[in-house]
Each structure stands twice: as C-alpha cells, then as structure tokens.
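This is run_8.csv (CSV, N, CA and C atoms).
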chain,number,residue,atom,x,y,z
A,1,MET,N,-6.3,14.3,19.9
A,1,MET,CA,-6.5,13.6,21.2
A,1,MET,C,-5.2,12.8,21.4
A,2,PRO,N,-4.7,12.8,22.7
A,2,PRO,CA,-3.5,12.1,23.0
A,2,PRO,C,-3.7,10.6,23.0
A,3,VAL,N,-2.7,9.9,22.6
A,3,VAL,CA,-2.7,8.4,22.6
A,3,VAL,C,-2.6,7.9,24.1
A,4,ASN,N,-3.4,6.9,24.4
A,4,ASN,CA,-3.4,6.3,25.7
A,4,ASN,C,-2.3,5.3,25.8
A,5,HIS,N,-1.1,5.8,26.2
A,5,HIS,CA,0.1,4.9,26.3
A,5,HIS,C,0.0,3.8,27.3
A,6,GLU,N,-0.9,4.0,28.4
A,6,GLU,CA,-1.1,3.0,29.3
A,6,GLU,C,-1.8,1.8,28.7
A,7,LEU,N,-2.9,2.1,27.9
A,7,LEU,CA,-3.6,1.1,27.2
A,7,LEU,C,-2.7,0.3,26.2
A,8,ILE,N,-1.8,1.0,25.5
A,8,ILE,CA,-0.9,0.4,24.6
A,8,ILE,C,-0.1,-0.6,25.4
A,9,GLY,N,0.4,-0.2,26.5
A,9,GLY,CA,1.2,-1.1,27.4
A,9,GLY,C,0.5,-2.3,27.8
A,10,ASP,N,-0.8,-2.1,28.2
A,10,ASP,CA,-1.7,-3.2,28.6
A,10,ASP,C,-1.9,-4.2,27.5
A,11,LYS,N,-2.1,-3.7,26.3
A,11,LYS,CA,-2.3,-4.5,25.1
A,11,LYS,C,-1.1,-5.3,24.8
A,12,ILE,N,0.1,-4.7,24.8
A,12,ILE,CA,1.3,-5.4,24.5
A,12,ILE,C,1.5,-6.5,25.5
A,13,ARG,N,1.3,-6.2,26.8
A,13,ARG,CA,1.5,-7.2,27.9
A,13,ARG,C,0.6,-8.4,27.6
A,14,LEU,N,-0.7,-8.1,27.4
A,14,LEU,CA,-1.7,-9.2,27.2
A,14,LEU,C,-1.3,-10.1,26.0
A,15,LEU,N,-1.0,-9.4,24.9
A,15,LEU,CA,-0.6,-10.2,23.7
A,15,LEU,C,0.6,-11.0,23.9
A,16,ARG,N,1.6,-10.4,24.6
A,16,ARG,CA,2.9,-11.1,24.8
A,16,ARG,C,2.7,-12.3,25.7
A,17,THR,N,1.9,-12.1,26.8
A,17,THR,CA,1.7,-13.2,27.7
A,17,THR,C,0.8,-14.3,27.1
A,18,ASN,N,-0.2,-13.9,26.3
A,18,ASN,CA,-1.0,-14.9,25.6
A,18,ASN,C,-0.2,-15.7,24.6
A,19,LYS,N,0.8,-15.2,24.1
A,19,LYS,CA,1.7,-15.9,23.1
A,19,LYS,C,2.8,-16.6,23.8
A,20,ASN,N,2.8,-16.5,25.1
A,20,ASN,CA,3.9,-17.1,25.9
A,20,ASN,C,5.3,-16.6,25.5
A,21,ILE,N,5.4,-15.3,25.3
A,21,ILE,CA,6.7,-14.6,25.0
A,21,ILE,C,7.1,-13.8,26.2
A,22,SER,N,8.4,-14.0,26.6
A,22,SER,CA,8.9,-13.2,27.7
A,22,SER,C,9.3,-11.8,27.2
A,23,GLN,N,9.5,-10.9,28.1
A,23,GLN,CA,9.9,-9.6,27.8
A,23,GLN,C,11.2,-9.6,27.0
A,24,GLU,N,12.1,-10.5,27.5
A,24,GLU,CA,13.4,-10.6,26.9
A,24,GLU,C,13.3,-11.1,25.4
A,25,LYS,N,12.4,-12.0,25.1
A,25,LYS,CA,12.2,-12.5,23.8
A,25,LYS,C,11.5,-11.4,22.9
A,26,LEU,N,10.5,-10.7,23.4
A,26,LEU,CA,9.9,-9.7,22.7
A,26,LEU,C,10.9,-8.6,22.4
A,27,ALA,N,11.8,-8.3,23.3
A,27,ALA,CA,12.8,-7.3,23.1
A,27,ALA,C,13.7,-7.7,22.0
A,28,GLU,N,14.1,-9.0,22.0
A,28,GLU,CA,15.0,-9.5,20.9
A,28,GLU,C,14.3,-9.4,19.6
A,29,MET,N,13.0,-9.8,19.5
A,29,MET,CA,12.2,-9.9,18.3
A,29,MET,C,12.0,-8.5,17.7
A,30,SER,N,11.9,-7.5,18.6
A,30,SER,CA,11.6,-6.2,18.1
A,30,SER,C,12.8,-5.2,18.1
A,31,ASP,N,14.0,-5.7,18.5
A,31,ASP,CA,15.2,-5.0,18.6
A,31,ASP,C,15.1,-3.8,19.5
A,32,ILE,N,14.5,-4.0,20.7
A,32,ILE,CA,14.3,-3.0,21.7
A,32,ILE,C,14.9,-3.6,23.0
A,33,THR,N,15.3,-2.8,23.9
A,33,THR,CA,15.8,-3.4,25.2
A,33,THR,C,14.6,-3.9,26.0
A,34,ARG,N,14.9,-4.9,26.9
A,34,ARG,CA,13.9,-5.5,27.8
A,34,ARG,C,13.4,-4.4,28.7
A,35,GLU,N,14.3,-3.5,29.1
A,35,GLU,CA,13.9,-2.4,30.0
A,35,GLU,C,12.9,-1.5,29.4
A,36,ALA,N,13.1,-1.2,28.1
A,36,ALA,CA,12.1,-0.4,27.4
A,36,ALA,C,10.8,-1.1,27.3
A,37,ILE,N,10.8,-2.4,27.0
A,37,ILE,CA,9.5,-3.2,26.9
A,37,ILE,C,8.8,-3.1,28.3
A,38,ASN,N,9.6,-3.3,29.3
A,38,ASN,CA,9.0,-3.2,30.7
A,38,ASN,C,8.4,-1.9,31.0
A,39,ARG,N,9.1,-0.8,30.6
A,39,ARG,CA,8.6,0.5,30.9
A,39,ARG,C,7.4,0.9,30.1
A,40,ILE,N,7.3,0.4,28.8
A,40,ILE,CA,6.1,0.6,28.0
A,40,ILE,C,5.0,-0.2,28.5
A,41,GLU,N,5.2,-1.4,28.9
A,41,GLU,CA,4.1,-2.2,29.4
A,41,GLU,C,3.5,-1.7,30.7
A,42,ASN,N,4.3,-1.0,31.5
A,42,ASN,CA,3.9,-0.4,32.8
A,42,ASN,C,3.4,1.0,32.7
A,43,GLY,N,3.4,1.5,31.4
A,43,GLY,CA,2.9,2.9,31.2
A,43,GLY,C,3.8,4.0,31.6
A,44,LEU,N,5.1,3.6,31.8
A,44,LEU,CA,6.1,4.6,32.3
A,44,LEU,C,6.8,5.2,31.1
A,45,LYS,N,6.7,4.7,29.9
A,45,LYS,CA,7.4,5.2,28.7
A,45,LYS,C,6.4,5.3,27.6
A,46,ILE,N,6.4,6.4,26.9
A,46,ILE,CA,5.5,6.6,25.7
A,46,ILE,C,6.3,6.1,24.5
A,47,PRO,N,5.9,5.0,23.8
A,47,PRO,CA,6.6,4.5,22.7
A,47,PRO,C,6.6,5.3,21.5
A,48,LYS,N,7.7,5.4,20.8
A,48,LYS,CA,7.7,6.2,19.5
A,48,LYS,C,7.1,5.3,18.4
A,49,THR,N,6.8,5.9,17.3
A,49,THR,CA,6.1,5.2,16.2
A,49,THR,C,6.9,4.0,15.8
A,50,ASP,N,8.2,4.2,15.6
A,50,ASP,CA,9.0,3.0,15.1
A,50,ASP,C,9.0,1.9,16.1
A,51,THR,N,8.9,2.2,17.4
A,51,THR,CA,8.9,1.2,18.4
A,51,THR,C,7.5,0.5,18.4
A,52,ILE,N,6.4,1.2,18.2
A,52,ILE,CA,5.1,0.6,18.1
A,52,ILE,C,5.1,-0.4,16.9
A,53,LEU,N,5.7,0.1,15.8
A,53,LEU,CA,5.7,-0.7,14.6
A,53,LEU,C,6.5,-2.0,14.8
A,54,ALA,N,7.6,-1.9,15.4
A,54,ALA,CA,8.5,-3.1,15.7
A,54,ALA,C,7.8,-4.1,16.6
A,55,ILE,N,7.2,-3.6,17.7
A,55,ILE,CA,6.5,-4.4,18.6
A,55,ILE,C,5.3,-5.1,17.9
A,56,ALA,N,4.5,-4.3,17.2
A,56,ALA,CA,3.3,-4.9,16.5
A,56,ALA,C,3.8,-6.0,15.5
A,57,ASN,N,4.8,-5.7,14.8
A,57,ASN,CA,5.4,-6.8,13.9
A,57,ASN,C,5.8,-8.0,14.6
A,58,ALA,N,6.5,-7.8,15.7
A,58,ALA,CA,6.9,-9.0,16.5
A,58,ALA,C,5.7,-9.8,17.1
A,59,LEU,N,4.7,-9.1,17.5
A,59,LEU,CA,3.5,-9.7,18.0
A,59,LEU,C,2.5,-10.2,17.0
A,60,ASP,N,2.8,-9.8,15.7
A,60,ASP,CA,1.9,-10.2,14.6
A,60,ASP,C,0.5,-9.6,14.7
A,61,VAL,N,0.5,-8.3,15.0
A,61,VAL,CA,-0.8,-7.6,15.0
A,61,VAL,C,-0.6,-6.3,14.2
A,62,PRO,N,-1.7,-5.7,13.7
A,62,PRO,CA,-1.5,-4.4,13.0
A,62,PRO,C,-1.2,-3.4,14.1
A,63,PRO,N,-0.4,-2.4,13.7
A,63,PRO,CA,-0.1,-1.3,14.7
A,63,PRO,C,-1.3,-0.6,15.1
A,64,THR,N,-2.3,-0.5,14.3
A,64,THR,CA,-3.6,0.2,14.7
A,64,THR,C,-4.2,-0.5,15.9
A,65,TYR,N,-4.0,-1.8,16.0
A,65,TYR,CA,-4.6,-2.5,17.2
A,65,TYR,C,-4.0,-2.0,18.5
A,66,LEU,N,-2.7,-1.7,18.5
A,66,LEU,CA,-2.1,-1.1,19.7
A,66,LEU,C,-2.4,0.3,19.9
A,67,LEU,N,-2.7,1.1,18.8
A,67,LEU,CA,-2.9,2.5,18.9
A,67,LEU,C,-4.4,2.8,19.2
A,68,ASP,N,-5.3,1.9,18.8
A,68,ASP,CA,-6.7,2.2,19.0
A,68,ASP,C,-7.1,2.2,20.5
A,69,ASP,N,-7.5,3.3,21.0
A,69,ASP,CA,-7.8,3.4,22.4
A,69,ASP,C,-9.3,3.5,22.7
A,70,ASN,N,-10.1,2.9,21.8
A,70,ASN,CA,-11.6,2.9,22.0
A,70,ASN,C,-11.9,2.2,23.4
A,71,GLU,N,-12.6,3.0,24.2
A,71,GLU,CA,-12.9,2.5,25.6
A,71,GLU,C,-13.7,1.3,25.6
A,72,GLY,N,-14.4,1.0,24.5
A,72,GLY,CA,-15.3,-0.2,24.5
A,72,GLY,C,-14.5,-1.5,24.2
A,73,ASP,N,-13.3,-1.3,23.8
A,73,ASP,CA,-12.5,-2.5,23.5
A,73,ASP,C,-12.0,-3.2,24.8
A,74,ASP,N,-11.9,-4.5,24.7
A,74,ASP,CA,-11.4,-5.3,25.8
A,74,ASP,C,-10.3,-6.2,25.2
A,75,PRO,N,-9.0,-5.7,25.4
A,75,PRO,CA,-7.9,-6.4,24.8
A,75,PRO,C,-7.7,-7.8,25.3
A,76,LEU,N,-8.1,-8.0,26.6
A,76,LEU,CA,-8.0,-9.4,27.1
A,76,LEU,C,-8.9,-10.3,26.5
A,77,ALA,N,-10.2,-9.9,26.3
A,77,ALA,CA,-11.2,-10.7,25.6
A,77,ALA,C,-10.8,-11.0,24.2
A,78,GLU,N,-10.3,-10.0,23.5
A,78,GLU,CA,-9.9,-10.2,22.1
A,78,GLU,C,-8.7,-11.1,22.0
A,79,SER,N,-7.7,-11.0,22.8
A,79,SER,CA,-6.6,-11.8,22.7
A,79,SER,C,-6.9,-13.2,23.2
A,80,THR,N,-7.8,-13.4,24.1
A,80,THR,CA,-8.2,-14.7,24.6
A,80,THR,C,-8.9,-15.5,23.5
A,81,VAL,N,-9.9,-14.8,22.8
A,81,VAL,CA,-10.6,-15.4,21.7
A,81,VAL,C,-9.6,-15.8,20.6
A,82,LEU,N,-8.7,-14.8,20.2
A,82,LEU,CA,-7.8,-15.1,19.2
A,82,LEU,C,-6.9,-16.3,19.5
A,83,LYS,N,-6.4,-16.4,20.8
A,83,LYS,CA,-5.6,-17.6,21.2
A,83,LYS,C,-6.4,-18.9,21.1
A,84,LEU,N,-7.7,-18.8,21.5
A,84,LEU,CA,-8.5,-20.0,21.4
A,84,LEU,C,-8.7,-20.5,19.9
A,85,LEU,N,-8.9,-19.5,19.0
A,85,LEU,CA,-9.1,-19.8,17.6
A,85,LEU,C,-7.8,-20.3,17.0
A,86,GLN,N,-6.7,-19.8,17.4
A,86,GLN,CA,-5.4,-20.3,16.8
A,86,GLN,C,-5.2,-21.7,17.2
A,87,GLU,N,-5.7,-22.2,18.3
A,87,GLU,CA,-5.5,-23.6,18.8
A,87,GLU,C,-6.5,-24.6,18.1
A,88,CYS,N,-7.4,-24.1,17.3
A,88,CYS,CA,-8.5,-24.9,16.7
A,88,CYS,C,-8.1,-25.4,15.3
A,89,ASN,N,-8.7,-26.5,14.9
A,89,ASN,CA,-8.6,-26.9,13.5
A,89,ASN,C,-9.8,-26.2,12.8
A,90,HIS,N,-9.8,-26.4,11.5
A,90,HIS,CA,-10.8,-25.6,10.6
A,90,HIS,C,-12.2,-25.9,11.1
A,91,LEU,N,-12.6,-27.1,11.3
A,91,LEU,CA,-14.0,-27.4,11.8
A,91,LEU,C,-14.3,-26.8,13.1
A,92,GLU,N,-13.4,-26.9,14.1
A,92,GLU,CA,-13.6,-26.3,15.4
A,92,GLU,C,-13.8,-24.8,15.2
A,93,LYS,N,-13.0,-24.1,14.4
A,93,LYS,CA,-13.1,-22.7,14.2
A,93,LYS,C,-14.5,-22.4,13.6
A,94,GLN,N,-15.0,-23.1,12.7
A,94,GLN,CA,-16.3,-22.9,12.1
A,94,GLN,C,-17.4,-23.0,13.1
A,95,ILE,N,-17.3,-24.0,14.0
A,95,ILE,CA,-18.3,-24.3,15.0
A,95,ILE,C,-18.3,-23.1,16.0
A,96,LEU,N,-17.1,-22.7,16.4
A,96,LEU,CA,-17.0,-21.6,17.4
A,96,LEU,C,-17.5,-20.3,16.8
A,97,ILE,N,-17.2,-20.0,15.6
A,97,ILE,CA,-17.7,-18.8,15.0
A,97,ILE,C,-19.2,-18.7,14.8
A,98,GLU,N,-19.8,-19.9,14.4
A,98,GLU,CA,-21.2,-19.9,14.2
A,98,GLU,C,-21.9,-19.8,15.6
A,99,THR,N,-21.3,-20.4,16.6
A,99,THR,CA,-21.8,-20.4,18.0
A,99,THR,C,-21.8,-18.9,18.5
A,100,LEU,N,-20.7,-18.2,18.3
A,100,LEU,CA,-20.6,-16.8,18.7
A,100,LEU,C,-21.6,-16.0,18.0
A,101,GLN,N,-21.8,-16.2,16.7
A,101,GLN,CA,-22.8,-15.4,16.0
A,101,GLN,C,-24.2,-15.6,16.5
A,102,SER,N,-24.5,-16.9,16.8
A,102,SER,CA,-25.8,-17.2,17.4
A,102,SER,C,-26.0,-16.5,18.7
A,103,LEU,N,-25.0,-16.6,19.6
A,103,LEU,CA,-25.1,-16.0,20.9
A,103,LEU,C,-25.2,-14.5,20.8
A,104,LYS,N,-24.5,-13.9,19.9
A,104,LYS,CA,-24.6,-12.5,19.8
A,104,LYS,C,-26.0,-12.1,19.4
A,105,LYS,N,-26.7,-12.8,18.5
A,105,LYS,CA,-28.1,-12.6,18.1
A,105,LYS,C,-29.0,-12.7,19.3
A,106,ILE,N,-28.8,-13.7,20.1
A,106,ILE,CA,-29.6,-13.9,21.3
A,106,ILE,C,-29.4,-12.7,22.3
A,107,LEU,N,-28.2,-12.3,22.5
A,107,LEU,CA,-27.9,-11.2,23.4
A,107,LEU,C,-28.5,-9.9,22.9
A,108,TYR,N,-28.5,-9.7,21.6
A,108,TYR,CA,-29.1,-8.5,21.0
A,108,TYR,C,-30.6,-8.5,21.2
A,109,SER,N,-31.2,-9.7,21.0
A,109,SER,CA,-32.6,-9.8,21.0
A,109,SER,C,-33.2,-9.6,22.4
A,110,VAL,N,-32.4,-9.9,23.5
A,110,VAL,CA,-32.8,-9.7,24.8
A,110,VAL,C,-32.3,-8.3,25.4
A,111,GLY,N,-31.6,-7.5,24.6
A,111,GLY,CA,-31.3,-6.2,24.9
A,111,GLY,C,-30.0,-6.1,25.8
A,112,VAL,N,-29.1,-7.0,25.7
A,112,VAL,CA,-27.9,-6.9,26.5
A,112,VAL,C,-26.9,-6.1,25.7
Exercise: express the given structure as structure tokens:
Amino acid sequence: MPVNHELIGDKIRLLRTNKNISQEKLAEMSDITREAINRIENGLKIPKTDTILAIANALDVPPTYLLDDNEGDDPLAESTVLKLLQECNHLEKQILIETLQSLKKILYSVGV
C-alpha cells in the first residue's frame, strides 16, 4: 500500500507549528532546505526515508508517527494534547490523564 505523503506533510506542519518552529528552523535542524520542507508539507514532494528520519528526529517524534496513515488518526488532536501535557507539571498531568480516562469510559458507556 502506498504511503500517504499528503498526510505526512500535514503531520509535519502540525507538529512544527505546535512547537512554534518555522520552516527555516526545521530545515536547519534536519539539514534539509526550507523549500523541501515547504514542498513536503504541501504534499508536492514525497520524502525519502532519510528525510523522514531527519525530520522526525528534529521534531522529536518516532518516524512511525509520520508514516502511519491510519485514517482514524487525528494528528491535530494528538499534537494538541501532547502540547498541553508538555506545558503541565506532574500533578496537572496526573489530573488530566485521569480525567481523560474517566471521560473515555463515559463515552464508551453511552456508545459514542
């Protein structure tokens, strides 16, 4: 099955913007041109494996996160939750995780 390079680009853009990193900075961090970053994010260029590895390392995510094209995934939701958790202290993280677990049980019980 072919890799969804447009979804890879979307994930890169979302991660980059949530981390407040410019295309120029990501290009510098991953040793890729800014133009290549732009073309990848816009789905105009299919990134090579070494490019995906470099970008994943620069964004501090596993390469599989960028390559996984499961239609059920919502990269914006995932990166938003990750950003919120990164801004929390230990106690806040515990409270948020327990709250999410409780909400998930409620949603499951009502059939959502």
Two-atom distance - CA of Arg16 (chain A), CA of Asn38 (chain A) (Å):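 For CA of Arg16 (chain A) relative to CA of Asn38 (chain A), the distance reads 11.6 Å.
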Shell around Leu85 (chain A) at 12 Å using only C-alpha atoms, local window under 4 positions removed, as a list in words: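 The contact residues come out as Glu78, Ser79, Thr80, Val81, Asn89, His90, Leu91, Glu92, Lys93, Gln94, Ile95, Leu96, Ile97 and Leu100 of chain A.
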I need the residues of chain A that end up classed as alpha helix (DSSP H) by DSSP on the backbone, written out as a PyMOL selection string. chain A and resi 5-18+23-30+34-41+49-59+63-67+75-86+90-109
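Across the model, the gap from atom N of Asp68 (chain A) to atom C of Glu35 (chain A) is 21.3 Å.
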May I ask for the distance between CA of Gly111 (chain A) and atom C of Ala77 (chain A), given in Å to one decimal place? 21.1 Å
Tell me, as a list in words, which residues lie within 8 Å of Ile40 (chain A), counting all atoms listed in the file; anything in the same chain fewer than 2 positions away does not count. His5, Glu6, Ile8, Gly9, Asp10, Ile12, Arg13, Arg34, Glu35, Ala36, Ile37, Asn38, Asn42, Gly43, Leu44, Lys45, Ile46 and Pro47 of chain A
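Taking all atoms listed in the file into account, Ile55 (chain A) lies nearest to A:Ser30 out of the set A:Lys104, A:Val112, A:Asn18, A:Ser30.
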Selected residue, from A:Leu14, A:Ala54, A:Val3, A:Cys88, that lies nearest to Asp69 (chain A) when counting all atoms listed in the file: A:Val3
When you count only C-alpha atoms, which of these residues is closest to Asn57 (chain A): A:Gln101, A:Leu15, A:Lys83, A:Asn20?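 So, comparing all the options, the nearest one is A:Leu15.
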